[in-house]
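Asks: Handing over model29.csv, CSV, C-alpha atoms and all ligand atoms.
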chain,number,residue,atom,x,y,z
O,1,MET,CA,0.0,0.0,0.0
O,2,LYS,CA,1.1,3.5,-0.6
O,3,LEU,CA,0.5,5.9,2.4
O,4,SER,CA,-0.8,9.3,1.5
O,5,PHE,CA,-2.1,12.5,3.1
O,6,ARG,CA,-4.4,15.2,1.9
O,7,TRP,CA,-2.8,18.6,1.4
O,8,TYR,CA,-5.0,21.7,0.6
O,9,GLY,CA,-2.2,23.7,-1.0
O,10,GLU,CA,-0.2,26.6,0.2
O,11,SER,CA,-3.0,28.0,2.5
O,12,ASP,CA,-3.2,24.7,4.4
O,13,PRO,CA,-1.9,25.2,8.0
O,14,VAL,CA,-0.8,21.5,7.8
O,15,THR,CA,2.4,22.2,5.8
O,16,LEU,CA,4.2,19.8,3.5
O,17,GLU,CA,7.1,19.8,6.0
O,18,LYS,CA,4.8,18.5,8.7
O,19,ILE,CA,3.3,15.9,6.4
O,20,SER,CA,6.7,14.7,5.4
O,21,GLN,CA,7.6,14.1,9.1
O,22,ILE,CA,4.9,11.5,9.5
O,23,PRO,CA,6.6,8.1,9.5
O,24,THR,CA,6.5,6.3,6.2
O,25,MET,CA,4.5,9.0,4.4
O,26,ARG,CA,4.8,8.7,0.7
O,27,SER,CA,2.3,10.7,-1.4
O,28,ILE,CA,0.3,13.9,-1.1
O,29,VAL,CA,-3.3,14.0,-2.2
O,30,SER,CA,-4.0,17.4,-3.6
O,31,ALA,CA,-5.7,19.4,-6.4
O,32,VAL,CA,-5.6,22.7,-8.2
O,33,TYR,CA,-7.9,24.8,-6.0
O,34,ASP,CA,-8.0,28.3,-7.5
O,35,VAL,CA,-10.1,27.5,-10.6
O,36,LYS,CA,-13.8,26.8,-11.0
O,37,PRO,CA,-15.1,23.3,-11.4
O,38,GLY,CA,-15.2,22.5,-15.1
O,39,SER,CA,-12.2,24.5,-16.2
O,40,VAL,CA,-9.0,23.0,-17.6
O,41,TRP,CA,-6.1,23.1,-15.1
O,42,SER,CA,-3.0,24.8,-16.3
O,43,GLU,CA,0.1,22.6,-16.7
O,44,GLU,CA,2.0,25.2,-14.6
O,45,SER,CA,-0.3,24.8,-11.6
O,46,ILE,CA,-0.1,21.0,-11.8
O,47,GLN,CA,3.7,21.1,-12.2
O,48,LYS,CA,3.9,23.5,-9.2
O,49,ILE,CA,2.3,21.0,-6.8
O,50,LYS,CA,4.5,18.3,-8.1
O,51,THR,CA,7.7,20.3,-7.5
O,52,GLN,CA,6.5,21.4,-4.0
O,53,ALA,CA,5.9,17.8,-3.1
O,54,GLU,CA,9.2,16.7,-4.4
O,55,GLU,CA,11.0,19.4,-2.5
O,56,HIS,CA,9.7,17.7,0.7
O,57,GLY,CA,10.6,14.1,-0.5
O,58,LEU,CA,6.9,13.4,-1.3
O,59,VAL,CA,5.3,12.3,-4.5
O,60,PHE,CA,2.2,14.0,-6.1
O,61,ASP,CA,0.5,11.1,-7.7
O,62,VAL,CA,-3.1,11.2,-6.3
O,63,VAL,CA,-5.6,14.0,-7.1
O,64,GLU,CA,-8.7,14.6,-4.9
O,65,SER,CA,-10.7,15.8,-6.6
O,66,VAL,CA,-11.2,16.8,-10.2
O,67,PRO,CA,-14.7,18.0,-9.4
O,68,VAL,CA,-17.5,17.0,-11.8
O,69,PRO,CA,-19.5,20.1,-12.7
O,70,GLU,CA,-23.3,20.0,-11.9
O,71,ASP,CA,-24.0,20.4,-15.7
O,72,ILE,CA,-22.5,17.0,-16.3
O,73,LYS,CA,-24.4,15.4,-13.5
O,74,LEU,CA,-27.6,17.1,-14.8
O,75,GLY,CA,-26.8,15.9,-18.3
O,76,ASN,CA,-27.8,19.2,-19.8
O,77,GLU,CA,-26.6,20.9,-23.1
O,78,LYS,CA,-23.4,22.1,-21.5
O,79,ALA,CA,-22.3,18.6,-20.5
O,80,ASP,CA,-20.5,17.6,-23.7
O,81,ALA,CA,-18.0,20.5,-23.6
O,82,LEU,CA,-17.4,20.1,-19.9
O,83,ILE,CA,-16.7,16.3,-20.3
O,84,GLU,CA,-14.1,17.3,-22.9
O,85,ASN,CA,-12.5,19.6,-20.4
O,86,TYR,CA,-12.5,16.8,-17.9
O,87,CYS,CA,-10.8,14.5,-20.4
O,88,GLU,CA,-8.1,17.2,-21.0
O,89,ASN,CA,-7.5,17.4,-17.2
O,90,ILE,CA,-7.0,13.6,-17.1
O,91,ARG,CA,-4.5,13.9,-20.0
O,92,ARG,CA,-2.5,16.7,-18.3
O,93,LEU,CA,-2.5,14.9,-15.0
O,94,GLY,CA,-1.3,11.7,-16.6
O,95,LYS,CA,1.5,13.6,-18.3
O,96,ALA,CA,2.6,15.0,-14.9
O,97,GLY,CA,2.8,11.5,-13.3
O,98,VAL,CA,-0.6,11.4,-11.5
O,99,LYS,CA,-1.8,7.8,-11.2
O,100,CYS,CA,-5.1,8.1,-9.4
O,101,ILE,CA,-8.0,10.6,-9.6
O,102,CYS,CA,-10.7,10.7,-6.9
O,103,TYR,CA,-14.0,12.3,-7.8
O,104,ASN,CA,-17.7,12.1,-6.8
O,105,PHE,CA,-21.0,12.2,-8.5
O,106,MET,CA,-23.1,13.6,-5.7
O,107,PRO,CA,-25.7,16.2,-6.8
O,108,VAL,CA,-25.2,19.7,-5.3
O,109,PHE,CA,-23.9,18.8,-1.9
O,110,ASP,CA,-20.6,17.0,-1.2
O,111,TRP,CA,-20.4,15.6,2.4
O,112,LEU,CA,-22.9,16.8,4.9
O,113,ARG,CA,-22.8,17.0,8.7
O,114,SER,CA,-25.2,18.5,11.2
O,115,GLU,CA,-22.4,19.4,13.6
O,116,LEU,CA,-18.8,20.4,13.1
O,117,GLU,CA,-17.6,20.6,16.7
O,118,HIS,CA,-19.4,17.8,18.4
O,119,GLN,CA,-18.0,17.6,22.0
O,120,GLN,CA,-16.7,14.2,23.1
O,121,PRO,CA,-16.2,13.0,26.7
O,122,ASP,CA,-12.4,13.2,26.5
O,123,GLY,CA,-12.4,16.9,25.4
O,124,ALA,CA,-11.9,16.2,21.7
O,125,ASN,CA,-14.4,17.4,19.2
O,126,ALA,CA,-15.4,15.9,15.9
O,127,LEU,CA,-17.9,16.0,13.0
O,128,ALA,CA,-21.3,14.5,13.6
O,129,TYR,CA,-24.4,13.7,11.6
O,130,ASP,CA,-28.0,13.6,12.8
O,131,GLU,CA,-30.6,13.2,10.0
O,132,GLU,CA,-33.4,14.8,12.0
O,133,THR,CA,-31.3,18.0,12.5
O,134,VAL,CA,-30.1,18.0,8.9
O,135,LEU,CA,-33.7,17.7,7.5
O,136,SER,CA,-34.9,20.5,9.8
O,137,MET,CA,-32.4,22.9,8.3
O,138,ASN,CA,-33.1,24.9,5.1
O,139,PRO,CA,-30.3,24.7,2.6
O,140,LEU,CA,-31.5,27.9,0.9
O,141,LYS,CA,-30.9,29.8,4.2
O,142,SER,CA,-27.3,28.5,4.6
O,143,GLU,CA,-28.4,26.8,7.8
O,144,LEU,CA,-26.6,23.6,7.0
O,145,SER,CA,-23.1,22.6,8.4
O,146,LEU,CA,-21.3,21.9,5.2
O,147,PRO,CA,-17.6,21.3,5.5
O,148,GLY,CA,-17.4,20.2,1.8
O,149,TRP,CA,-19.5,23.1,0.5
O,150,ASP,CA,-18.7,25.1,-2.6
O,151,SER,CA,-19.4,28.5,-1.1
O,152,SER,CA,-19.5,30.2,-4.4
O,153,TYR,CA,-23.3,29.5,-4.8
O,154,THR,CA,-25.6,32.4,-4.5
O,155,LYS,CA,-29.1,31.7,-2.9
O,156,GLU,CA,-30.6,32.2,-6.4
O,157,GLY,CA,-28.1,29.9,-8.0
O,158,LEU,CA,-28.8,27.2,-5.4
O,159,ARG,CA,-32.6,27.5,-5.9
O,160,GLU,CA,-32.2,27.1,-9.7
O,161,LEU,CA,-29.9,24.2,-9.2
O,162,LEU,CA,-32.3,22.4,-6.8
O,163,ASN,CA,-35.1,23.1,-9.2
O,164,ALA,CA,-33.1,21.6,-12.2
O,165,TYR,CA,-32.5,18.4,-10.1
O,166,SER,CA,-36.2,18.0,-9.4
O,167,LYS,CA,-36.4,16.4,-12.9
O,168,ILE,CA,-33.5,14.0,-12.2
O,169,ASP,CA,-34.3,10.8,-10.5
O,170,GLU,CA,-31.9,8.0,-9.7
O,171,GLU,CA,-32.2,6.3,-13.1
O,172,GLN,CA,-31.6,9.5,-14.9
O,173,LEU,CA,-28.5,10.1,-12.8
O,174,TRP,CA,-27.2,6.7,-13.7
O,175,LYS,CA,-27.7,7.5,-17.4
O,176,ASN,CA,-25.7,10.8,-16.9
O,177,LEU,CA,-23.0,8.9,-15.1
O,178,GLU,CA,-22.8,6.3,-17.8
O,179,LYS,CA,-22.4,9.0,-20.5
O,180,PHE,CA,-19.6,10.5,-18.4
O,181,LEU,CA,-17.8,7.2,-17.8
O,182,THR,CA,-17.9,6.0,-21.4
O,183,ARG,CA,-16.1,9.2,-22.5
O,184,VAL,CA,-13.7,9.6,-19.6
O,185,ILE,CA,-12.5,6.1,-18.9
O,186,PRO,CA,-10.9,5.5,-22.3
O,187,VAL,CA,-8.9,8.7,-21.8
O,188,ALA,CA,-7.9,7.5,-18.3
O,189,VAL,CA,-6.7,4.1,-19.8
O,190,GLU,CA,-4.6,6.0,-22.4
O,191,SER,CA,-3.2,8.3,-19.7
O,192,GLY,CA,-2.3,5.5,-17.2
O,193,ILE,CA,-4.7,6.8,-14.6
O,194,ASN,CA,-7.0,4.9,-12.3
O,195,MET,CA,-10.3,6.8,-11.8
O,196,ALA,CA,-11.7,6.2,-8.3
O,197,ILE,CA,-15.2,7.4,-7.6
O,198,HIS,CA,-15.9,8.4,-4.0
O,199,PRO,CA,-19.1,7.1,-2.3
O,200,ASP,CA,-21.9,9.4,-1.3
O,201,ASP,CA,-21.6,10.7,2.2
O,202,PRO,CA,-24.0,9.9,3.8
O,203,PRO,CA,-24.9,7.1,1.5
O,204,TRP,CA,-28.6,7.8,0.9
O,205,GLY,CA,-30.6,10.5,-0.9
O,206,ILE,CA,-31.1,13.8,0.9
O,207,PHE,CA,-33.4,16.8,0.4
O,208,GLY,CA,-35.0,14.8,-2.5
O,209,LEU,CA,-31.8,14.7,-4.4
O,210,PRO,CA,-30.7,11.3,-5.8
O,211,ARG,CA,-27.6,9.6,-4.5
O,212,ILE,CA,-26.5,6.4,-6.2
O,213,ILE,CA,-22.9,5.5,-5.0
O,214,THR,CA,-24.2,4.1,-1.8
O,215,ASN,CA,-24.1,0.3,-1.3
O,216,ARG,CA,-22.8,-3.1,-2.6
O,217,GLU,CA,-25.4,-3.5,-5.3
O,218,ASN,CA,-24.9,0.0,-6.7
O,219,LEU,CA,-21.1,-0.3,-6.6
O,220,LYS,CA,-21.4,-3.5,-8.6
O,221,ARG,CA,-23.6,-1.8,-11.1
O,222,PHE,CA,-21.2,1.1,-11.3
O,223,LEU,CA,-18.2,-1.1,-12.0
O,224,ASN,CA,-20.0,-3.0,-14.7
O,225,ILE,CA,-20.8,0.2,-16.7
O,226,VAL,CA,-17.3,0.2,-18.0
O,227,PRO,CA,-15.8,-3.1,-16.8
O,228,VAL,CA,-12.1,-2.2,-16.9
O,229,LYS,CA,-9.6,-1.8,-14.1
O,230,ASN,CA,-9.2,2.0,-14.6
O,231,ASN,CA,-12.9,2.5,-13.7
O,232,GLY,CA,-12.6,2.0,-10.0
O,233,LEU,CA,-13.5,3.0,-6.5
O,234,THR,CA,-12.4,5.1,-3.6
O,235,PHE,CA,-13.4,2.9,-0.7
O,236,CYS,CA,-14.3,5.4,2.0
O,237,THR,CA,-15.1,3.4,5.2
O,238,GLY,CA,-16.7,6.3,7.0
O,239,SER,CA,-19.0,7.2,4.1
O,240,LEU,CA,-20.2,3.6,3.3
O,241,GLY,CA,-20.1,2.7,7.0
O,242,ALA,CA,-22.7,5.3,7.9
O,243,ASN,CA,-25.3,2.7,6.7
O,244,PRO,CA,-25.0,-0.3,9.1
O,245,ALA,CA,-26.5,-2.5,6.3
O,246,ASN,CA,-23.2,-2.1,4.3
O,247,ASP,CA,-21.0,-5.1,5.2
O,248,LEU,CA,-17.7,-3.3,4.6
O,249,VAL,CA,-15.4,-6.3,5.2
O,250,SER,CA,-17.1,-8.4,2.5
O,251,MET,CA,-17.4,-5.4,0.2
O,252,ALA,CA,-13.7,-4.7,0.5
O,253,GLY,CA,-13.0,-8.4,-0.4
O,254,GLU,CA,-15.4,-8.4,-3.3
O,255,PHE,CA,-14.1,-5.2,-4.9
O,256,ALA,CA,-10.5,-5.4,-3.9
O,257,ASP,CA,-9.1,-5.4,-7.5
O,258,ARG,CA,-11.1,-2.3,-8.4
O,259,ILE,CA,-10.3,-0.3,-5.3
O,260,HIS,CA,-7.5,2.2,-6.1
O,261,PHE,CA,-7.9,4.5,-3.2
O,262,LEU,CA,-8.7,3.8,0.4
O,263,HIS,CA,-10.0,6.4,2.8
O,264,LEU,CA,-9.8,4.9,6.3
O,265,ARG,CA,-11.7,6.4,9.2
O,266,ASN,CA,-14.0,5.2,11.9
O,267,ILE,CA,-17.4,6.3,13.0
O,268,LYS,CA,-19.7,5.4,15.9
O,269,HIS,CA,-23.4,4.9,15.3
O,270,THR,CA,-25.4,6.8,17.9
O,271,GLY,CA,-28.9,6.0,16.5
O,272,PRO,CA,-30.7,5.5,13.2
O,273,ARG,CA,-29.1,7.8,10.6
O,274,ARG,CA,-27.0,9.3,13.4
O,275,PHE,CA,-23.3,9.0,13.9
O,276,GLU,CA,-20.2,10.8,15.0
O,277,GLU,CA,-16.6,10.5,13.9
O,278,VAL,CA,-14.1,8.9,16.3
O,279,GLY,CA,-10.4,7.9,16.4
O,280,HIS,CA,-9.2,5.6,13.6
O,281,PRO,CA,-8.6,2.3,15.5
O,282,THR,CA,-11.3,-0.4,15.3
O,283,ALA,CA,-11.9,-0.3,19.1
O,284,CYS,CA,-13.0,3.4,18.9
O,285,GLY,CA,-16.1,2.8,16.8
O,286,ASN,CA,-18.2,0.5,14.6
O,287,VAL,CA,-15.9,0.1,11.6
O,288,ASP,CA,-13.8,-3.1,11.5
O,289,MET,CA,-10.5,-1.6,10.3
O,290,PHE,CA,-8.6,-4.8,10.7
O,291,GLY,CA,-11.2,-6.8,8.9
O,292,ILE,CA,-11.3,-4.4,6.0
O,293,VAL,CA,-7.5,-4.2,5.6
O,294,LYS,CA,-7.2,-8.0,5.9
O,295,ALA,CA,-9.8,-8.5,3.2
O,296,LEU,CA,-8.1,-5.9,0.9
O,297,VAL,CA,-4.6,-7.4,1.3
O,298,ALA,CA,-6.0,-10.9,0.7
O,299,GLY,CA,-7.6,-9.5,-2.5
O,300,GLY,CA,-4.2,-8.1,-3.7
O,301,PHE,CA,-4.9,-4.5,-3.0
O,302,ASP,CA,-1.8,-2.3,-3.7
O,303,GLY,CA,-3.4,1.1,-4.0
O,304,TYR,CA,-3.2,4.4,-2.1
O,305,VAL,CA,-4.4,4.8,1.4
O,306,ARG,CA,-5.0,7.9,3.4
O,307,PRO,CA,-6.2,8.6,6.9
O,308,ASP,CA,-9.5,10.3,6.5
O,309,HIS,CA,-11.1,12.9,8.8
O,310,GLY,CA,-9.6,13.3,12.2
O,311,ARG,CA,-11.0,14.7,15.5
O,312,MET,CA,-9.7,18.0,16.8
O,313,ILE,CA,-7.4,17.0,19.8
O,314,TRP,CA,-4.7,18.7,21.9
O,315,GLY,CA,-6.4,22.0,21.4
O,316,GLU,CA,-5.8,22.1,17.7
O,317,LYS,CA,-8.0,24.5,15.6
O,318,GLY,CA,-8.1,24.0,11.9
O,319,ARG,CA,-10.0,22.9,8.8
O,320,TYR,CA,-12.9,20.6,10.0
O,321,GLY,CA,-11.9,17.0,9.7
O,322,TYR,CA,-8.5,18.0,8.4
O,323,GLY,CA,-6.3,18.9,11.3
O,324,LEU,CA,-2.8,17.4,11.7
O,325,TYR,CA,-2.7,15.6,15.0
O,326,ASP,CA,-5.5,13.0,14.8
O,327,ARG,CA,-4.9,12.3,11.2
O,328,ALA,CA,-1.2,11.8,11.9
O,329,LEU,CA,-2.1,9.3,14.6
O,330,GLY,CA,-4.4,7.6,12.1
O,331,ALA,CA,-1.6,7.4,9.6
O,332,THR,CA,0.7,5.6,11.9
O,333,TYR,CA,-2.1,3.2,13.0
O,334,ILE,CA,-2.8,2.5,9.4
O,335,ALA,CA,0.9,1.9,8.6
O,336,GLY,CA,1.1,-0.6,11.6
O,337,LEU,CA,-2.1,-2.3,10.5
O,338,PHE,CA,-0.9,-2.9,7.0
O,339,GLU,CA,2.6,-3.9,8.1
O,340,ALA,CA,1.1,-6.6,10.3
O,341,VAL,CA,-1.5,-7.8,7.9
O,342,GLU,CA,0.9,-7.9,4.9
O,343,LYS,CA,3.6,-9.7,6.8
O,344,LEU,CA,1.2,-12.3,8.1
O,345,LYS,CA,-0.3,-12.9,4.7
D,1,LIG,C1,-14.3,14.6,2.6
D,1,LIG,C2,-13.8,14.1,1.3
D,1,LIG,C3,-14.8,14.4,0.1
D,1,LIG,C4,-14.1,13.9,-1.1
D,1,LIG,C5,-14.9,14.2,-2.3
D,1,LIG,C6,-14.3,13.4,-3.5
D,1,LIG,O1,-13.5,14.7,3.4
D,1,LIG,O2,-13.7,12.7,1.4
D,1,LIG,O3,-14.9,15.8,0.1
D,1,LIG,O4,-12.9,14.6,-1.3
D,1,LIG,O5,-16.2,13.8,-2.2
D,1,LIG,O6,-14.8,14.0,-4.7
Just give me the structure of the file as structure tokens.
Replies:
Amino acid sequence: MKLSFRWYGESDPVTLEKISQIPTMRSIVSAVYDVKPGSVWSEESIQKIKTQAEEHGLVFDVVESVPVPEDIKLGNEKADALIENYCENIRRLGKAGVKCICYNFMPVFDWLRSELEHQQPDGANALAYDEETVLSMNPLKSELSLPGWDSSYTKEGLRELLNAYSKIDEEQLWKNLEKFLTRVIPVAVESGINMAIHPDDPPWGIFGLPRIITNRENLKRFLNIVPVKNNGLTFCTGSLGANPANDLVSMAGEFADRIHFLHLRNIKHTGPRRFEEVGHPTACGNVDMFGIVKALVAGGFDGYVRPDHGRMIWGEKGRYGYGLYDRALGATYIAGLFEAVEKLK
């Protein structure tokens, strides 16, 4: 496995130097952040990240994300040109040595939480989700806690967008995804890049918007749309694990050869459609980290792994889910877990 860590660019208080000091850290996971979704990334911007990583002994070979513009997910008249831009980004990233691209196909909202600083008994705070609270908030009034939110939407723009999606049901979203994949995956194959779709977080429809990357059956359907290795998955244990019906250990085994990127984090279920994020080790929550890693290693997994969201501990303040300390603890736990499982294989 190749250990990696997310870096939000020069404005990230978690610097490349700090990341490089985490034992056995190999790759950074980053993106060009200063352009709108849908535009072509300049070769200079891509090259700059690569050089910055290399100056710290790190490799820039994973991108998270190349965002998919809403017009592609809506499948409207602007989709064709935007898919072409997407393909161009894949070509440019392949040329710069990127091997894996993470993206998602969630309408309007990326990840959703009801609370960003949920207090835990030990004094840490973490992200939490409570469906009842989320549904009682009005997205048009910016009442939602949205750590992954694209803040460039105006109220008007958001209303129009939600309106456009009222005509898109799950089957239509599948069709729009199919159109995207059949154009994009051949370019990924040519460019030597594995595409890794991120599951929906949480993995069920919300505010009447369809969500389809949610469970075993749908992951299988997704992989069969273009049945080649380069059309693969980001296996995000916290996202898929929010639904207790998802048997993550058996899913990890079943899809091991198509999982290119592993996001490891643990959550604790606190009620129906209610959970909070906890420390990475198995004992901290409801996700069987050991079982998942064992199933993946047995299935021949050799992809990228990153610790996902961490809690805020030791008084740290920072980007929600993306502080240094707890993610660094997660990284060394993950390195230990893989070392043991790989050596015992
Ligand atoms: C949250 C992340 C997501 C992810 C995107 C991938 O922490 O896992 O925002 O980057 O959904 O496109």
Asks: Would you mind reading off the distance between atom CA of Tyr165 of chain O and atom CA of Val66 of chain O, one decimal, in Å?
Replies: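 Result for atom CA of Tyr165 of chain O versus atom CA of Val66 of chain O: 21.4 Å, one decimal.
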Asks: Step by step, measure atom-to-atom distances between ligand LIG 1 (chain D) and each residue using all atoms listed in the file, keep those at most 7 Å, then write them as a ChimeraX atom specification.
Replies: /O:64-65,67,102-104,110-111,148,198,308-309,321
Asks: Hey, what's within 9 Å of Arg92 of chain O if we count only C-alpha atoms and toss same-chain stuff fewer than 6 positions away? As a PyMOL selection string, please?
Replies: chain O and resi 41-43+46+98+191
Asks: Distance atom CA of Phe60 of chain O-atom CA of Pro13 of chain O, one decimal place?
Replies: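 Those two atoms sit 18.5 Å apart.
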Asks: So that I can see what lies close to Cys284 of chain O, please list as a ChimeraX atom specification the residues with an atom at most 9 Å from it, counting all atoms listed in the file and leaving out residues fewer than 5 positions away in the same chain.
Replies: /O:266-268,278-279
Asks: Using only C-alpha atoms, which of the listed residues (O:Val134, O:Val228, O:Leu233, O:Leu262) sits closest to Phe207 of chain O?
Replies: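 Going through O:Val134, O:Val228, O:Leu233, O:Leu262 one by one, the smallest distance to Phe207 of chain O is for O:Val134.
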Asks: Would you pick out the contacts of Phe290 of chain O at 10 Å or less, using only C-alpha atoms, so that residues sharing its chain but fewer than 5 positions from it are not included, and give the list as a PDB file with C-alpha atoms, in the frame of the given file?
Replies:
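And here is the file that came out, part_0.pdb:
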ATOM      1  CA  VAL O 249     -15.400  -6.300   5.200  1.00  0.00           C
ATOM      2  CA  PRO O 281      -8.600   2.300  15.500  1.00  0.00           C
ATOM      3  CA  THR O 282     -11.300  -0.400  15.300  1.00  0.00           C
ATOM      4  CA  ALA O 295      -9.800  -8.500   3.200  1.00  0.00           C
ATOM      5  CA  LEU O 296      -8.100  -5.900   0.900  1.00  0.00           C
ATOM      6  CA  ILE O 334      -2.800   2.500   9.400  1.00  0.00           C
ATOM      7  CA  LEU O 337      -2.100  -2.300  10.500  1.00  0.00           C
ATOM      8  CA  PHE O 338      -0.900  -2.900   7.000  1.00  0.00           C
ATOM      9  CA  ALA O 340       1.100  -6.600  10.300  1.00  0.00           C
ATOM     10  CA  VAL O 341      -1.500  -7.800   7.900  1.00  0.00           C
TER      11      VAL O 341
END
Asks: Which is closer to Tyr86 of chain O than all the others in O:Ile185, O:Leu3, O:Val297, O:Val62, using all atoms listed in the file?
Replies: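 Ranked by minimum distance to Tyr86 of chain O, first place goes to O:Ile185.
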Asks: Counting all atoms listed in the file, note down every residue that has an atom within 12 Å of the point (0.1, 4.6, -8.1) (file coordinates), as number ranges by chain.
Replies: O: 1-4, 26-29, 59-63, 94, 97-101, 192-196, 230, 259-261, 301-305
Asks: Taking (-33.0, 23.0, -5.3) as a centre in this file's frame and 9 Å as the limit, can you find every polymer residue with an atom that close, using only C-alpha atoms, and give them as a PyMOL selection string?
Replies: chain O and resi 108+139-140+157-166+207-209
Asks: Atoms to include: C-alpha atoms. Write the selected residues as an mmCIF file, in the coordinates of the input.
Replies:
data_model
loop_
_atom_site.group_PDB
_atom_site.id
_atom_site.type_symbol
_atom_site.label_atom_id
_atom_site.label_comp_id
_atom_site.auth_asym_id
_atom_site.auth_seq_id
_atom_site.Cartn_x
_atom_site.Cartn_y
_atom_site.Cartn_z
ATOM 1 C CA VAL O 108 -25.200 19.700 -5.300
ATOM 2 C CA PRO O 139 -30.300 24.700 2.600
ATOM 3 C CA LEU O 140 -31.500 27.900 0.900
ATOM 4 C CA GLY O 157 -28.100 29.900 -8.000
ATOM 5 C CA LEU O 158 -28.800 27.200 -5.400
ATOM 6 C CA ARG O 159 -32.600 27.500 -5.900
ATOM 7 C CA GLU O 160 -32.200 27.100 -9.700
ATOM 8 C CA LEU O 161 -29.900 24.200 -9.200
ATOM 9 C CA LEU O 162 -32.300 22.400 -6.800
ATOM 10 C CA ASN O 163 -35.100 23.100 -9.200
ATOM 11 C CA ALA O 164 -33.100 21.600 -12.200
ATOM 12 C CA TYR O 165 -32.500 18.400 -10.100
ATOM 13 C CA SER O 166 -36.200 18.000 -9.400
ATOM 14 C CA PHE O 207 -33.400 16.800 0.400
ATOM 15 C CA GLY O 208 -35.000 14.800 -2.500
ATOM 16 C CA LEU O 209 -31.800 14.700 -4.400
#
Asks: Give the answer as one residue: which of O:Ile90, O:Leu58, O:Leu324, O:Cys236 has the shortest atom-to-atom distance to Val287 of chain O, using only C-alpha atoms?
Replies: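 Smallest separation from Val287 of chain O among the options: O:Cys236.
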Asks: Separation of atom CA of Met25 of chain O and atom CA of Thr51 of chain O, in Å?
Replies: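 Here the two named atoms are 16.7 Å from each other.
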Asks: Rank O:Glu217, O:Glu131, O:Asp288, O:Asp247 by their smallest atom-to-atom distance to Pro202 of chain O, using only C-alpha atoms, and report the top residue only.
Replies: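 Using only C-alpha atoms, the shortest distance to Pro202 of chain O belongs to O:Glu131.
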Asks: Have a look at O:Lys179, O:Tyr325, O:Phe255, O:Ile72 and name the one nearest to Gln21 of chain O; count all atoms listed in the file.
Replies: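 Going through O:Lys179, O:Tyr325, O:Phe255, O:Ile72 one by one, the smallest distance to Gln21 of chain O is for O:Tyr325.
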Asks: I'd like the contact shell of Thr182 of chain O - 9 Å cut-off, only C-alpha atoms, skipping same-chain residues fewer than 4 positions apart - returned as a PyMOL selection string.
Replies: chain O and resi 177-178+186+225-226
Asks: For segment 270-282 of chain O, which lacks atoms in the input, supply N, CA and C atoms and format the output as a compact mmCIF listing (two decimals), in the frame of the given file.
Replies:
# COMPACT_ATOMS: atom_id res chain seq x y z
N THR O 270 -24.81 6.34 16.60
CA THR O 270 -25.40 6.80 17.90
C THR O 270 -26.94 6.73 17.77
N GLY O 271 -27.47 6.16 16.69
CA GLY O 271 -28.90 6.00 16.50
C GLY O 271 -29.17 5.82 15.02
N PRO O 272 -30.44 5.68 14.63
CA PRO O 272 -30.70 5.50 13.20
C PRO O 272 -30.34 6.78 12.43
N ARG O 273 -29.57 6.62 11.39
CA ARG O 273 -29.10 7.80 10.60
C ARG O 273 -28.46 8.85 11.47
N ARG O 274 -27.67 8.38 12.40
CA ARG O 274 -27.00 9.30 13.40
C ARG O 274 -25.68 8.69 13.69
N PHE O 275 -24.62 9.49 13.53
CA PHE O 275 -23.30 9.00 13.90
C PHE O 275 -22.34 10.10 14.19
N GLU O 276 -21.23 9.75 14.82
CA GLU O 276 -20.20 10.80 15.00
C GLU O 276 -18.85 10.15 14.63
N GLU O 277 -17.91 11.02 14.27
CA GLU O 277 -16.60 10.50 13.90
C GLU O 277 -15.74 10.33 15.11
N VAL O 278 -14.93 9.27 15.08
CA VAL O 278 -14.10 8.90 16.30
C VAL O 278 -12.67 8.63 15.80
N GLY O 279 -11.80 8.28 16.72
CA GLY O 279 -10.40 7.90 16.40
C GLY O 279 -10.37 6.77 15.39
N HIS O 280 -9.26 6.61 14.69
CA HIS O 280 -9.20 5.60 13.60
C HIS O 280 -9.28 4.14 14.06
N PRO O 281 -8.66 3.75 15.20
CA PRO O 281 -8.60 2.30 15.50
C PRO O 281 -9.99 1.65 15.62
N THR O 282 -10.01 0.36 15.30
CA THR O 282 -11.30 -0.40 15.30
C THR O 282 -12.00 -0.25 16.65
